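Written out below as structure tokens is the structure these notes cover.
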Amino acid sequence: MFAVIKTGGLQYRVAEDDVVRIGRLEGNVGDIVQLKDVLLLGGDKPQLGSPMISGASVAVEVMEQSRGPKVIAFKKRRRKNSRRKRGHRQDYTLVRISEILTGGAAPTKKAKGKPAPKPKAEKPEGEEKKAAKPKAKAKAPAKKTKPVVKKPAAKGKGKK
């Protein structure tokens, strides 16, 4: 089963356990948020809303609040000494679709959260010593050399 939802002025086709980057949503990481603007429910018997399907919603888990890459708007009017440089970063929310609900039901699933990091394998004591860098050899003392004295340039006869 899939759904087409509308959020932030854009439409997304989503299914359960999809991870989608959408416009900024209110909520902390790990919260379950309900999106009520469902335009279409697909599956065996598709339902089309006019414009929205009443009683349908999509439960999403907020995974991350972040910002997109910087977009630079540079405007120049030639021969006028006029330049304008503006930067912008869009706010985004990374969400995981937990459930597609119909009939005004409330979300039943809990937030999964991020998976636990894998423990790092410990190295045996013998390998740690091999990985250490060898010490640098002591340099031999520098030889004393005579200072180089530059001779003045010879004055030649110039052309007249």
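Residues in the structure tokens are named by chain (A, B, ... in the order shown) and by number from 1 within that chain; ligands are numbered from 1 in the order shown.
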
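Excluding Asn28 in chain A and any residue on its chain fewer than 6 positions from it, the residues at most 10 Å away by only C-alpha atoms are Glu61, Val62, Met63, Glu64, Gln65 and Thr93 of chain A.
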
Handout entry: Shell around range 19-21 of chain A at 9 Å using only C-alpha atoms, local window under 3 positions removed, as JSON, numbers by chain
Key = {"A": [12, 14, 16, 63, 92, 93, 94, 95, 96, 97]}

Please return, as a PDB file with all heavy atoms, in the first residue's frame, all residues of chain A that DSSP assigns to alpha helix (DSSP H) on the basis of the backbone.
```pdb
ATOM      1  N   GLU A 125      47.580  -7.274  21.494  1.00  0.00           N
ATOM      2  CA  GLU A 125      48.689  -6.432  21.928  1.00  0.00           C
ATOM      3  C   GLU A 125      49.858  -6.452  20.948  1.00  0.00           C
ATOM      4  O   GLU A 125      50.541  -5.464  20.762  1.00  0.00           O
ATOM      5  CB  GLU A 125      49.174  -6.868  23.314  1.00  0.00           C
ATOM      6  CG  GLU A 125      48.171  -6.560  24.397  1.00  0.00           C
ATOM      7  CD  GLU A 125      48.686  -6.966  25.760  1.00  0.00           C
ATOM      8  OE1 GLU A 125      49.911  -7.085  25.932  1.00  0.00           O
ATOM      9  OE2 GLU A 125      47.856  -7.161  26.651  1.00  0.00           O
ATOM     10  N   GLY A 126      50.109  -7.564  20.298  1.00  0.00           N
ATOM     11  CA  GLY A 126      51.230  -7.671  19.369  1.00  0.00           C
ATOM     12  C   GLY A 126      51.055  -6.776  18.152  1.00  0.00           C
ATOM     13  O   GLY A 126      52.011  -6.221  17.623  1.00  0.00           O
ATOM     14  N   GLU A 127      49.820  -6.609  17.678  1.00  0.00           N
ATOM     15  CA  GLU A 127      49.575  -5.806  16.485  1.00  0.00           C
ATOM     16  C   GLU A 127      49.690  -4.317  16.777  1.00  0.00           C
ATOM     17  O   GLU A 127      50.016  -3.530  15.906  1.00  0.00           O
ATOM     18  CB  GLU A 127      48.192  -6.122  15.913  1.00  0.00           C
ATOM     19  CG  GLU A 127      48.116  -7.497  15.298  1.00  0.00           C
ATOM     20  CD  GLU A 127      46.756  -7.760  14.680  1.00  0.00           C
ATOM     21  OE1 GLU A 127      46.015  -6.804  14.432  1.00  0.00           O
ATOM     22  OE2 GLU A 127      46.442  -8.927  14.458  1.00  0.00           O
ATOM     23  N   GLU A 128      49.385  -3.892  18.006  1.00  0.00           N
ATOM     24  CA  GLU A 128      49.470  -2.481  18.345  1.00  0.00           C
ATOM     25  C   GLU A 128      50.909  -1.988  18.236  1.00  0.00           C
ATOM     26  O   GLU A 128      51.146  -0.878  17.786  1.00  0.00           O
ATOM     27  CB  GLU A 128      48.938  -2.244  19.760  1.00  0.00           C
ATOM     28  CG  GLU A 128      47.435  -2.394  19.853  1.00  0.00           C
ATOM     29  CD  GLU A 128      46.934  -2.170  21.268  1.00  0.00           C
ATOM     30  OE1 GLU A 128      47.725  -1.709  22.107  1.00  0.00           O
ATOM     31  OE2 GLU A 128      45.771  -2.463  21.516  1.00  0.00           O
ATOM     32  N   LYS A 129      51.877  -2.824  18.644  1.00  0.00           N
ATOM     33  CA  LYS A 129      53.270  -2.416  18.589  1.00  0.00           C
ATOM     34  C   LYS A 129      53.744  -2.298  17.150  1.00  0.00           C
ATOM     35  O   LYS A 129      54.536  -1.443  16.819  1.00  0.00           O
ATOM     36  CB  LYS A 129      54.147  -3.407  19.354  1.00  0.00           C
ATOM     37  CG  LYS A 129      53.897  -3.365  20.854  1.00  0.00           C
ATOM     38  CD  LYS A 129      54.747  -4.367  21.577  1.00  0.00           C
ATOM     39  CE  LYS A 129      54.458  -4.357  23.073  1.00  0.00           C
ATOM     40  NZ  LYS A 129      55.223  -5.369  23.787  1.00  0.00           N
ATOM     41  N   LYS A 130      53.247  -3.166  16.265  1.00  0.00           N
ATOM     42  CA  LYS A 130      53.642  -3.122  14.863  1.00  0.00           C
ATOM     43  C   LYS A 130      53.098  -1.874  14.186  1.00  0.00           C
ATOM     44  O   LYS A 130      53.718  -1.325  13.301  1.00  0.00           O
ATOM     45  CB  LYS A 130      53.146  -4.363  14.122  1.00  0.00           C
ATOM     46  CG  LYS A 130      53.821  -5.639  14.549  1.00  0.00           C
ATOM     47  CD  LYS A 130      53.243  -6.812  13.800  1.00  0.00           C
ATOM     48  CE  LYS A 130      53.827  -8.138  14.275  1.00  0.00           C
ATOM     49  NZ  LYS A 130      53.216  -9.280  13.611  1.00  0.00           N
ATOM     50  N   ALA A 131      51.942  -1.445  14.598  1.00  0.00           N
ATOM     51  CA  ALA A 131      51.307  -0.300  13.960  1.00  0.00           C
ATOM     52  C   ALA A 131      51.982   1.011  14.335  1.00  0.00           C
ATOM     53  O   ALA A 131      51.838   2.006  13.638  1.00  0.00           O
ATOM     54  CB  ALA A 131      49.831  -0.244  14.343  1.00  0.00           C
TER      55      ALA A 131
END
```

Problem - Contact residues around range 48-59 of chain A with only C-alpha atoms at 7 Å, ignoring same-chain residues under 4 positions, as a list in words - result: Ile32, Val33, Gln34, Leu35, Lys36, Asp37, Val38, Leu39, Leu40, Leu41, Ile97, Ser98, Glu99, Ile100, Leu101, Thr102, Gly103, Gly104 and Pro107 of chain A

Practice task
Enter the distance from CA of Arg89 in chain A to CA of Phe74 in chain A, in Å, rounded to one decimal.
Solution key: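 Separating CA of Arg89 in chain A from CA of Phe74 in chain A is a distance of 14.6 Å.
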
Problem - Residue nearest Thr7 in chain A among A:Ala111, A:Ala154, A:Ile72, A:Ile22 (counting only C-alpha atoms) - result: A:Ile22

Practice task
List every residue of range 1-149 of chain A that DSSP, applied to the backbone of this structure, assigns to strand (DSSP E or B), and report them as a PyMOL selection string.
Solution key: chain A and resi 2-7+10-15+19-23+32-35+38-42+47-48+57-67+71-77+82-88+91-101

Practice task
Please measure the separation of CA of Gly8 in chain A and CA of Gly23 in chain A, giving the value in Å to one decimal.
Solution key: 5.6 Å

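Among the candidates A:Val149, A:Pro117, A:Phe2, A:Asp31, the residue lying nearest to Lys45 in chain A is A:Phe2 (atoms considered: only C-alpha atoms).
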